[in-house]
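**Q** Coordinates in entry-v7.tsv, TSV, C-alpha atoms and all ligand atoms, are listed below.
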chain	number	residue	atom	x	y	z
T	1	MET	CA	37.95	45.16	-25.72
T	2	LYS	CA	34.43	44.30	-26.95
T	3	SER	CA	32.02	44.15	-24.01
T	4	LYS	CA	29.99	40.99	-23.38
T	5	ALA	CA	26.31	40.71	-24.31
T	6	PRO	CA	24.13	41.39	-21.28
T	7	ILE	CA	22.64	38.55	-19.26
T	8	ARG	CA	18.92	39.19	-18.96
T	9	VAL	CA	17.51	38.41	-15.51
T	10	ALA	CA	13.81	38.38	-14.59
T	11	VAL	CA	12.97	38.91	-10.92
T	12	THR	CA	9.39	38.45	-9.70
T	13	GLY	CA	8.28	40.17	-6.52
T	14	ALA	CA	10.87	42.77	-7.44
T	15	ALA	CA	9.39	45.47	-5.18
T	16	GLY	CA	9.32	43.19	-2.14
T	17	ASN	CA	11.82	42.95	0.69
T	18	ILE	CA	14.09	40.37	-0.90
T	19	GLY	CA	13.84	42.14	-4.25
T	20	TYR	CA	15.02	45.36	-2.62
T	21	ALA	CA	18.07	43.61	-1.22
T	22	LEU	CA	18.74	41.57	-4.37
T	23	LEU	CA	18.46	43.85	-7.37
T	24	PHE	CA	21.30	46.17	-6.37
T	25	ARG	CA	23.64	43.25	-5.90
T	26	ILE	CA	22.80	41.84	-9.34
T	27	ALA	CA	23.21	45.24	-10.98
T	28	SER	CA	26.52	45.90	-9.23
T	29	GLY	CA	28.07	42.73	-10.67
T	30	GLN	CA	28.06	40.53	-7.58
T	31	MET	CA	26.03	37.78	-9.21
T	32	PHE	CA	27.65	37.45	-12.64
T	33	GLY	CA	30.99	39.17	-12.19
T	34	PRO	CA	32.49	42.64	-12.54
T	35	ASP	CA	32.74	42.63	-16.35
T	36	GLN	CA	29.34	41.09	-17.16
T	37	PRO	CA	26.58	43.53	-18.21
T	38	VAL	CA	23.06	42.71	-16.99
T	39	ALA	CA	19.53	43.69	-18.03
T	40	LEU	CA	16.80	43.47	-15.40
T	41	ASN	CA	13.21	42.50	-16.12
T	42	LEU	CA	11.34	43.45	-12.95
T	43	ILE	CA	7.99	41.74	-12.50
T	44	GLU	CA	5.33	42.71	-9.97
T	45	ILE	CA	1.60	42.31	-9.55
T	46	GLU	CA	-0.43	45.45	-10.26
T	47	PRO	CA	-0.54	46.71	-6.61
T	48	GLY	CA	3.26	46.53	-6.47
T	49	MET	CA	3.91	48.56	-9.63
T	50	ALA	CA	4.09	51.98	-7.93
T	51	ALA	CA	6.67	50.77	-5.42
T	52	LEU	CA	8.52	49.05	-8.24
T	53	LYS	CA	8.82	52.39	-10.03
T	54	GLY	CA	10.59	53.75	-6.94
T	55	VAL	CA	12.96	50.78	-6.86
T	56	ALA	CA	13.76	51.29	-10.54
T	57	MET	CA	14.42	55.00	-9.85
T	58	GLU	CA	16.90	54.00	-7.15
T	59	LEU	CA	18.59	51.55	-9.51
T	60	ASP	CA	18.94	54.43	-11.99
T	61	ASP	CA	20.37	56.61	-9.26
T	62	CYS	CA	23.14	54.11	-8.56
T	63	ALA	CA	24.50	54.66	-12.09
T	64	PHE	CA	25.64	51.04	-12.21
T	65	PRO	CA	27.97	50.74	-15.23
T	66	LEU	CA	26.92	47.12	-15.82
T	67	LEU	CA	23.16	47.73	-15.86
T	68	THR	CA	22.05	48.09	-19.49
T	69	GLU	CA	18.25	48.11	-19.18
T	70	ILE	CA	15.40	47.97	-16.66
T	71	VAL	CA	12.02	46.60	-17.75
T	72	GLN	CA	9.12	47.12	-15.29
T	73	THR	CA	6.05	45.04	-15.92
T	74	SER	CA	3.15	43.05	-14.56
T	75	ASP	CA	2.79	41.23	-17.89
T	76	LEU	CA	4.51	37.85	-17.64
T	77	ALA	CA	5.02	37.56	-21.42
T	78	VAL	CA	6.98	40.83	-21.36
T	79	GLY	CA	8.73	40.02	-18.10
T	80	PHE	CA	10.09	36.64	-19.17
T	81	LYS	CA	10.85	37.65	-22.79
T	82	ASP	CA	14.28	36.30	-23.78
T	83	VAL	CA	15.51	35.95	-20.20
T	84	ASP	CA	18.59	33.90	-19.34
T	85	TRP	CA	17.63	33.61	-15.67
T	86	ALA	CA	14.23	33.76	-13.97
T	87	LEU	CA	14.42	34.40	-10.24
T	88	LEU	CA	10.96	33.68	-8.88
T	89	VAL	CA	10.89	35.52	-5.57
T	90	GLY	CA	7.31	36.83	-5.40
T	91	SER	CA	4.81	34.62	-3.68
T	92	VAL	CA	1.62	35.01	-1.67
T	93	PRO	CA	2.40	34.88	2.07
T	94	ARG	CA	0.45	32.63	4.40
T	95	LYS	CA	-2.20	34.67	6.21
T	96	GLN	CA	-3.93	34.00	9.48
T	97	GLY	CA	-6.46	31.20	9.22
T	98	MET	CA	-5.02	29.96	5.93
T	99	GLU	CA	-4.32	26.23	5.82
T	100	ARG	CA	-1.13	24.91	4.26
T	101	ALA	CA	-3.21	23.30	1.51
T	102	ASP	CA	-4.82	26.69	0.71
T	103	LEU	CA	-1.40	28.29	0.42
T	104	LEU	CA	-0.17	25.51	-1.85
T	105	GLY	CA	-3.22	25.91	-4.09
T	106	ILE	CA	-3.03	29.73	-4.27
T	107	ASN	CA	0.68	29.81	-5.00
T	108	GLY	CA	0.38	26.78	-7.23
T	109	LYS	CA	-1.81	28.76	-9.64
T	110	VAL	CA	0.76	31.57	-9.68
T	111	PHE	CA	3.58	29.18	-10.52
T	112	VAL	CA	1.55	27.42	-13.23
T	113	GLY	CA	1.15	30.82	-14.91
T	114	GLN	CA	4.79	31.74	-14.48
T	115	GLY	CA	5.98	28.33	-15.70
T	116	LYS	CA	3.87	28.66	-18.86
T	117	ALA	CA	5.08	32.19	-19.50
T	118	ILE	CA	8.70	31.10	-19.06
T	119	ASN	CA	8.11	28.18	-21.40
T	120	ASP	CA	6.66	30.43	-24.09
T	121	ASN	CA	8.87	33.50	-23.78
T	122	ALA	CA	12.24	32.83	-22.17
T	123	LYS	CA	15.37	31.61	-23.93
T	124	PRO	CA	15.37	27.79	-24.21
T	125	SER	CA	18.53	27.83	-22.07
T	126	VAL	CA	16.80	29.78	-19.26
T	127	ARG	CA	17.59	28.74	-15.73
T	128	VAL	CA	14.91	29.20	-13.10
T	129	VAL	CA	15.55	29.66	-9.37
T	130	VAL	CA	12.50	29.61	-7.10
T	131	VAL	CA	12.73	31.46	-3.78
T	132	GLY	CA	9.06	32.19	-3.05
T	133	ASN	CA	7.68	29.68	-0.58
T	134	PRO	CA	6.86	26.84	-0.50
T	135	CYS	CA	9.80	27.02	-2.92
T	136	ASN	CA	10.38	23.32	-3.67
T	137	THR	CA	6.76	22.63	-4.61
T	138	ASN	CA	6.38	25.97	-6.40
T	139	CYS	CA	9.45	25.04	-8.44
T	140	LEU	CA	8.04	21.62	-9.26
T	141	ILE	CA	4.78	23.24	-10.42
T	142	ALA	CA	6.64	25.77	-12.60
T	143	MET	CA	8.76	22.97	-14.05
T	144	LYS	CA	5.68	20.86	-14.90
T	145	SER	CA	4.11	23.91	-16.54
T	146	ALA	CA	7.14	24.49	-18.77
T	147	PRO	CA	7.43	21.22	-20.70
T	148	ASP	CA	9.82	22.63	-23.33
T	149	ILE	CA	12.43	23.65	-20.75
T	150	PRO	CA	14.58	20.76	-19.51
T	151	ASN	CA	13.92	19.76	-15.90
T	152	ASN	CA	17.56	20.24	-14.97
T	153	GLN	CA	17.20	23.99	-15.55
T	154	PHE	CA	14.91	24.36	-12.51
T	155	PHE	CA	16.21	25.03	-9.00
T	156	ALA	CA	14.84	26.02	-5.59
T	157	MET	CA	16.80	27.64	-2.82
T	158	THR	CA	18.29	26.05	0.29
T	159	ARG	CA	21.54	28.00	0.22
T	160	LEU	CA	20.32	30.29	3.00
T	161	ASP	CA	19.84	27.20	5.17
T	162	GLU	CA	23.34	25.99	4.30
T	163	ASN	CA	24.84	29.38	5.11
T	164	ARG	CA	22.93	29.50	8.40
T	165	ALA	CA	24.10	25.99	9.31
T	166	LYS	CA	27.74	26.74	8.54
T	167	THR	CA	27.70	29.79	10.78
T	168	GLN	CA	26.10	27.86	13.65
T	169	LEU	CA	28.82	25.19	13.48
T	170	ALA	CA	31.59	27.78	13.17
T	171	GLN	CA	30.34	29.72	16.19
T	172	LYS	CA	30.04	26.58	18.29
T	173	ALA	CA	33.57	25.49	17.30
T	174	GLY	CA	34.96	29.01	17.75
T	175	VAL	CA	36.40	29.14	14.23
T	176	SER	CA	35.88	31.30	11.16
T	177	VAL	CA	32.93	30.26	8.98
T	178	LYS	CA	35.31	29.72	6.08
T	179	GLU	CA	36.67	26.69	7.95
T	180	VAL	CA	33.32	24.89	7.62
T	181	SER	CA	32.75	22.90	4.42
T	182	GLU	CA	30.83	19.99	2.93
T	183	LEU	CA	27.66	20.83	4.78
T	184	CYS	CA	24.68	19.72	2.76
T	185	VAL	CA	21.15	20.69	3.68
T	186	TRP	CA	18.90	17.89	2.43
T	187	GLY	CA	15.19	17.79	1.65
T	188	ASN	CA	12.55	20.49	1.73
T	189	HIS	CA	13.18	24.17	2.45
T	190	SER	CA	11.07	23.94	5.60
T	191	PRO	CA	11.73	23.18	9.26
T	192	THR	CA	12.01	19.48	8.28
T	193	MET	CA	15.22	20.04	6.29
T	194	PHE	CA	18.29	18.14	7.47
T	195	PRO	CA	21.64	19.95	7.75
T	196	ASP	CA	24.03	16.99	7.60
T	197	PHE	CA	26.54	17.66	10.36
T	198	TYR	CA	27.92	14.11	10.12
T	199	ASN	CA	29.61	14.77	6.77
T	200	ALA	CA	30.50	18.41	7.47
T	201	LYS	CA	34.13	19.35	7.96
T	202	ILE	CA	35.71	21.95	10.18
T	203	GLY	CA	39.15	22.62	8.78
T	204	ARG	CA	40.40	19.16	7.82
T	205	LEU	CA	38.54	17.40	10.61
T	206	LYS	CA	35.10	15.88	10.76
T	207	ALA	CA	32.74	18.38	12.41
T	208	THR	CA	31.71	15.63	14.84
T	209	ASP	CA	35.35	15.27	15.97
T	210	VAL	CA	35.53	19.01	16.68
T	211	ILE	CA	32.07	19.36	18.20
T	212	THR	CA	31.76	16.17	20.22
T	213	ASP	CA	28.51	17.16	21.96
T	214	ALA	CA	26.18	14.84	19.99
T	215	ALA	CA	23.13	16.05	21.92
T	216	TRP	CA	23.86	19.66	20.90
T	217	LEU	CA	24.19	18.66	17.25
T	218	LYS	CA	20.91	16.73	17.18
T	219	ASP	CA	18.78	18.69	19.64
T	220	THR	CA	20.02	22.26	19.26
T	221	PHE	CA	21.86	22.69	15.96
T	222	VAL	CA	19.30	20.94	13.72
T	223	PRO	CA	16.23	22.74	15.16
T	224	VAL	CA	18.02	26.11	15.33
T	225	VAL	CA	18.80	25.90	11.60
T	226	GLY	CA	15.28	24.67	10.80
T	227	GLN	CA	13.61	27.41	12.86
T	228	ARG	CA	16.00	30.23	11.99
T	229	GLY	CA	13.52	31.92	9.64
T	230	LYS	CA	10.94	32.08	12.44
T	231	ALA	CA	13.53	33.39	14.91
T	232	ILE	CA	14.45	36.21	12.50
T	233	ILE	CA	10.79	37.19	12.14
T	234	GLU	CA	10.45	37.29	15.94
T	235	ALA	CA	13.60	39.40	16.35
T	236	ARG	CA	13.25	41.72	13.35
T	237	GLY	CA	9.50	41.87	12.95
T	238	ALA	CA	10.00	40.95	9.29
T	239	SER	CA	11.29	37.89	7.49
T	240	SER	CA	14.87	37.38	6.34
T	241	ALA	CA	15.50	39.57	3.34
T	242	ALA	CA	19.16	40.60	3.04
T	243	SER	CA	20.41	37.13	3.96
T	244	ALA	CA	17.92	35.54	1.56
T	245	ALA	CA	19.04	37.88	-1.23
T	246	ASN	CA	22.65	37.04	-0.39
T	247	ALA	CA	21.82	33.35	-0.73
T	248	VAL	CA	20.23	33.97	-4.14
T	249	VAL	CA	23.46	35.65	-5.25
T	250	ASP	CA	25.48	32.72	-3.88
T	251	THR	CA	23.21	30.14	-5.56
T	252	VAL	CA	23.25	31.69	-9.03
T	253	ARG	CA	26.95	32.58	-8.93
T	254	ASP	CA	27.88	29.04	-7.93
T	255	LEU	CA	25.62	27.52	-10.60
T	256	CYS	CA	27.47	29.64	-13.19
T	257	THR	CA	30.95	28.85	-11.93
T	258	PRO	CA	32.88	25.57	-12.15
T	259	THR	CA	33.11	24.29	-8.58
T	260	ARG	CA	36.54	24.40	-7.01
T	261	GLY	CA	36.40	22.47	-3.78
T	262	ASP	CA	33.26	22.59	-1.71
T	263	PHE	CA	29.84	21.52	-2.99
T	264	HIS	CA	26.68	23.54	-2.29
T	265	SER	CA	23.08	22.73	-1.41
T	266	VAL	CA	20.54	23.37	-4.14
T	267	CYS	CA	17.07	21.88	-4.63
T	268	VAL	CA	17.12	20.09	-7.98
T	269	ILE	CA	15.10	17.45	-9.78
T	270	SER	CA	15.72	14.08	-8.17
T	271	ASN	CA	16.59	11.07	-10.26
T	272	GLY	CA	16.42	8.90	-7.17
T	273	GLU	CA	19.88	9.80	-5.86
T	274	TYR	CA	20.45	8.75	-2.24
T	275	GLY	CA	17.03	7.09	-2.15
T	276	THR	CA	15.14	10.37	-2.66
T	277	PRO	CA	11.85	9.94	-4.54
T	278	ALA	CA	12.51	10.58	-8.26
T	279	GLY	CA	10.65	13.52	-9.72
T	280	LEU	CA	10.72	15.75	-6.65
T	281	ILE	CA	12.61	19.02	-6.38
T	282	THR	CA	14.67	18.31	-3.29
T	283	SER	CA	17.87	19.68	-1.80
T	284	MET	CA	21.08	17.79	-2.51
T	285	PRO	CA	24.81	18.54	-2.76
T	286	ILE	CA	25.70	19.96	-6.18
T	287	LYS	CA	28.91	20.57	-8.08
T	288	VAL	CA	29.33	22.32	-11.43
T	289	ASP	CA	31.86	21.01	-13.98
T	290	ALA	CA	34.21	22.90	-16.29
T	291	ILE	CA	31.53	23.27	-19.03
T	292	GLY	CA	28.93	24.53	-16.58
T	293	LYS	CA	26.92	21.32	-16.15
T	294	TRP	CA	25.75	20.55	-12.62
T	295	ARG	CA	25.59	17.11	-11.05
T	296	VAL	CA	24.70	15.67	-7.67
T	297	VAL	CA	27.83	14.77	-5.72
T	298	GLU	CA	28.11	11.00	-5.39
T	299	GLY	CA	29.47	8.80	-2.64
T	300	ILE	CA	28.35	10.66	0.47
T	301	LYS	CA	27.74	8.19	3.28
T	302	LEU	CA	24.57	8.92	5.22
T	303	THR	CA	24.03	7.68	8.77
T	304	ASP	CA	20.76	5.95	9.63
T	305	TYR	CA	19.71	9.05	11.59
T	306	ALA	CA	20.41	11.24	8.54
T	307	LYS	CA	18.52	8.86	6.23
T	308	GLU	CA	15.52	8.96	8.56
T	309	LYS	CA	15.51	12.77	8.69
T	310	ILE	CA	15.92	13.11	4.91
T	311	ALA	CA	13.15	10.58	4.27
T	312	ALA	CA	10.81	12.53	6.57
T	313	SER	CA	11.56	15.80	4.77
T	314	ASN	CA	11.04	14.17	1.37
T	315	GLN	CA	7.77	12.66	2.61
T	316	GLU	CA	6.63	16.22	3.36
T	317	LEU	CA	7.45	17.09	-0.26
T	318	LEU	CA	5.44	14.12	-1.52
T	319	ASP	CA	2.50	15.30	0.61
T	320	GLU	CA	2.84	18.87	-0.68
T	321	ARG	CA	2.93	17.59	-4.25
T	322	GLU	CA	-0.19	15.53	-3.71
T	323	MET	CA	-2.07	18.46	-2.15
T	324	ALA	CA	-1.00	20.98	-4.78
T	325	PHE	CA	-1.24	18.78	-7.86
T	326	GLY	CA	-4.69	17.57	-6.78
T	327	GLN	CA	-5.98	21.14	-6.59
T	328	LEU	CA	-4.32	22.21	-9.84
T	329	GLY	CA	-5.23	19.14	-11.85
T	330	LEU	CA	-1.58	18.42	-12.64
T	331	SER	CA	-0.42	14.88	-13.14
T	332	ILE	CA	2.70	13.45	-11.55
T	401	LIG	N1	13.90	29.90	-0.02
T	401	LIG	C1	14.31	30.67	0.95
T	401	LIG	O1	15.36	30.42	1.56
T	401	LIG	C2	13.54	31.91	1.37
T	401	LIG	C3	14.07	32.76	2.34
T	401	LIG	C4	13.36	33.90	2.71
T	401	LIG	C5	12.12	34.16	2.12
T	401	LIG	N2	11.63	33.30	1.20
T	401	LIG	C6	10.34	33.56	0.53
T	401	LIG	O2	10.53	34.56	-0.46
T	401	LIG	C7	9.28	35.17	-0.76
T	401	LIG	C8	9.44	36.67	-0.85
T	401	LIG	O3	9.81	37.21	0.40
T	401	LIG	P1	9.81	38.79	0.64
T	401	LIG	O4	10.28	39.00	2.03
T	401	LIG	O5	10.47	39.51	-0.47
T	401	LIG	O6	8.23	39.07	0.57
T	401	LIG	P2	7.49	40.45	0.37
T	401	LIG	O7	6.08	40.22	0.78
T	401	LIG	O8	8.27	41.57	0.97
T	401	LIG	O9	7.55	40.67	-1.21
T	401	LIG	C9	6.91	39.83	-2.10
T	401	LIG	C10	6.63	40.66	-3.35
T	401	LIG	O10	6.11	39.77	-4.31
T	401	LIG	C11	5.08	40.42	-5.00
T	401	LIG	N3	4.24	39.38	-5.59
T	401	LIG	C12	3.29	38.61	-4.98
T	401	LIG	N4	2.75	37.77	-5.86
T	401	LIG	C13	3.38	37.99	-7.04
T	401	LIG	C14	3.24	37.44	-8.34
T	401	LIG	N5	2.33	36.51	-8.60
T	401	LIG	N6	4.03	37.91	-9.32
T	401	LIG	C15	4.95	38.87	-9.08
T	401	LIG	N7	5.11	39.44	-7.87
T	401	LIG	C16	4.33	39.00	-6.87
T	401	LIG	C17	4.39	41.27	-3.95
T	401	LIG	O11	3.68	42.35	-4.54
T	401	LIG	C18	5.59	41.75	-3.14
T	401	LIG	O12	6.12	42.97	-3.62
T	401	LIG	C19	8.32	34.68	0.34
T	401	LIG	O13	7.54	33.62	-0.19
T	401	LIG	C20	9.26	34.13	1.40
T	401	LIG	O14	8.63	33.14	2.18
T	401	LIG	C21	12.31	32.19	0.80
Please rewrite the model in this file as structure tokens.

**A**
Amino acid sequence: MKSKAPIRVAVTGAAGNIGYALLFRIASGQMFGPDQPVALNLIEIEPGMAALKGVAMELDDCAFPLLTEIVQTSDLAVGFKDVDWALLVGSVPRKQGMERADLLGINGKVFVGQGKAINDNAKPSVRVVVVGNPCNTNCLIAMKSAPDIPNNQFFAMTRLDENRAKTQLAQKAGVSVKEVSELCVWGNHSPTMFPDFYNAKIGRLKATDVITDAAWLKDTFVPVVGQRGKAIIEARGASSAASAANAVVDTVRDLCTPTRGDFHSVCVISNGEYGTPAGLITSMPIKVDAIGKWRVVEGIKLTDYAKEKIAASNQELLDEREMAFGQLGLSI
């Protein structure tokens, strides 16, 4: 049988913690399937190139049958050349004394450059998933900087938040996590996100009929999910890496696969669905149809409490956009 043409995947921040947990899963076939060859374009900034060489050596040493090529570069034009997917993981971390606005401005510049390079070098069908924080606003900036690439090919990641939320509900209910479905995380990938427990299901039941402790849902579950990243840093001394990489695999795989059953949370361009401000990259429930086109799931009923929480998270995104776009001279 003739083998398929490789899918070319660019990963920025490839020598970082998430990169180290992600690349081996892509190369082993967990993202695109066991018969789909992949080529990896690994992108780092200059100081990361030596470590990247070591990562590439380890990829070689795995002798992955599906891995056809490894490109190592700090040149964005080379890194994004002809890619089918651009996974934007690298990002400048917030340092002590740095204001949120400073972080938005510094990363904003990075994502302007990456957006332009994707626009000019990637395949027109490229799909872009932003992981590096603040991922929603970084994604919006990359999207604005890539005017030739349709807006619906840009995504930011809240799947880790969804996975975290599902496990919290499963553990509270004493059931397997596979029993938990229809749990959308709405809004910004930040502590303001809202994991919608009202519409979640546990088995065939409403989650709120299984977990009847409303105070726990509002006052423990929601903040635990929102603060989980911080709790991991406190426990591990480093931020979530393997679980974040796992969520990247989940996100891309589910964007490539027609959805059977449950929807998933992905930050996408809003067209005003559910009252979200149009033009933002915000997290909503997504399904993919038989020809691979994604759409926001319609008809979900939101409680007033949920609407309030989602509006607050989207307001944070509007504020981030204003701060970042002002500094970068981008227009809304
Ligand atoms: N969306 C999510 O759910 C989620 C979850 C966890 C982490 N994150 C974010 O993912 C990002 C990466 O996390 P990590 O733990 O791998 O960080 P890390 O610091 O271990 O690695 C980041 C890597 O990116 C590289 N880098 C920095 N700027 C770059 C640029 N302009 N181009 C290419 N490479 C660049 C660095 O050299 C470094 O190797 C962080 O912003 C983190 O906050 C997001």

**Q** Of the residues T:Tyr274, T:Tyr198, T:Phe325, T:Tyr305, which is the one nearest to Ala142 (chain T), using all atoms listed in the file?

**A**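 Closest to Ala142 (chain T) of all the choices is T:Phe325.
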
**Q** Near Ala14 (chain T), within 12 Å and counting all atoms listed in the file, which residues show up once chain neighbours fewer than 6 positions away are dropped, as an MDAnalysis selection string?

**A** chainID T and resid 20:24 40:46 48:56 59 70:74 79 86:91 132 245

**Q** Counting all atoms listed in the file, which residues have an atom no more than 10 Å from (18.1, 32.1, -0.8) in the file's coordinates? Please list them as a ChimeraX atom specification.

**A** /T:18,89,129-132,135,156-163,189,240-252,266

**Q** Hey, which of T:Ala77, T:Val128, T:Met98, T:Val185 ends up closest to Thr282 (chain T)? Count all atoms listed in the file.

**A** T:Val185

**Q** Rank T:Gly13, T:Gly115, T:Ile232, T:Asn151 by their smallest atom-to-atom distance to Val92 (chain T), using all atoms listed in the file, and report the top residue only.

**A** T:Gly13

**Q** Could you please determine the separation between CA of Met323 (chain T) and CA of Leu76 (chain T) in Å, to one decimal place?

**A**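 It comes out at 25.7 Å.
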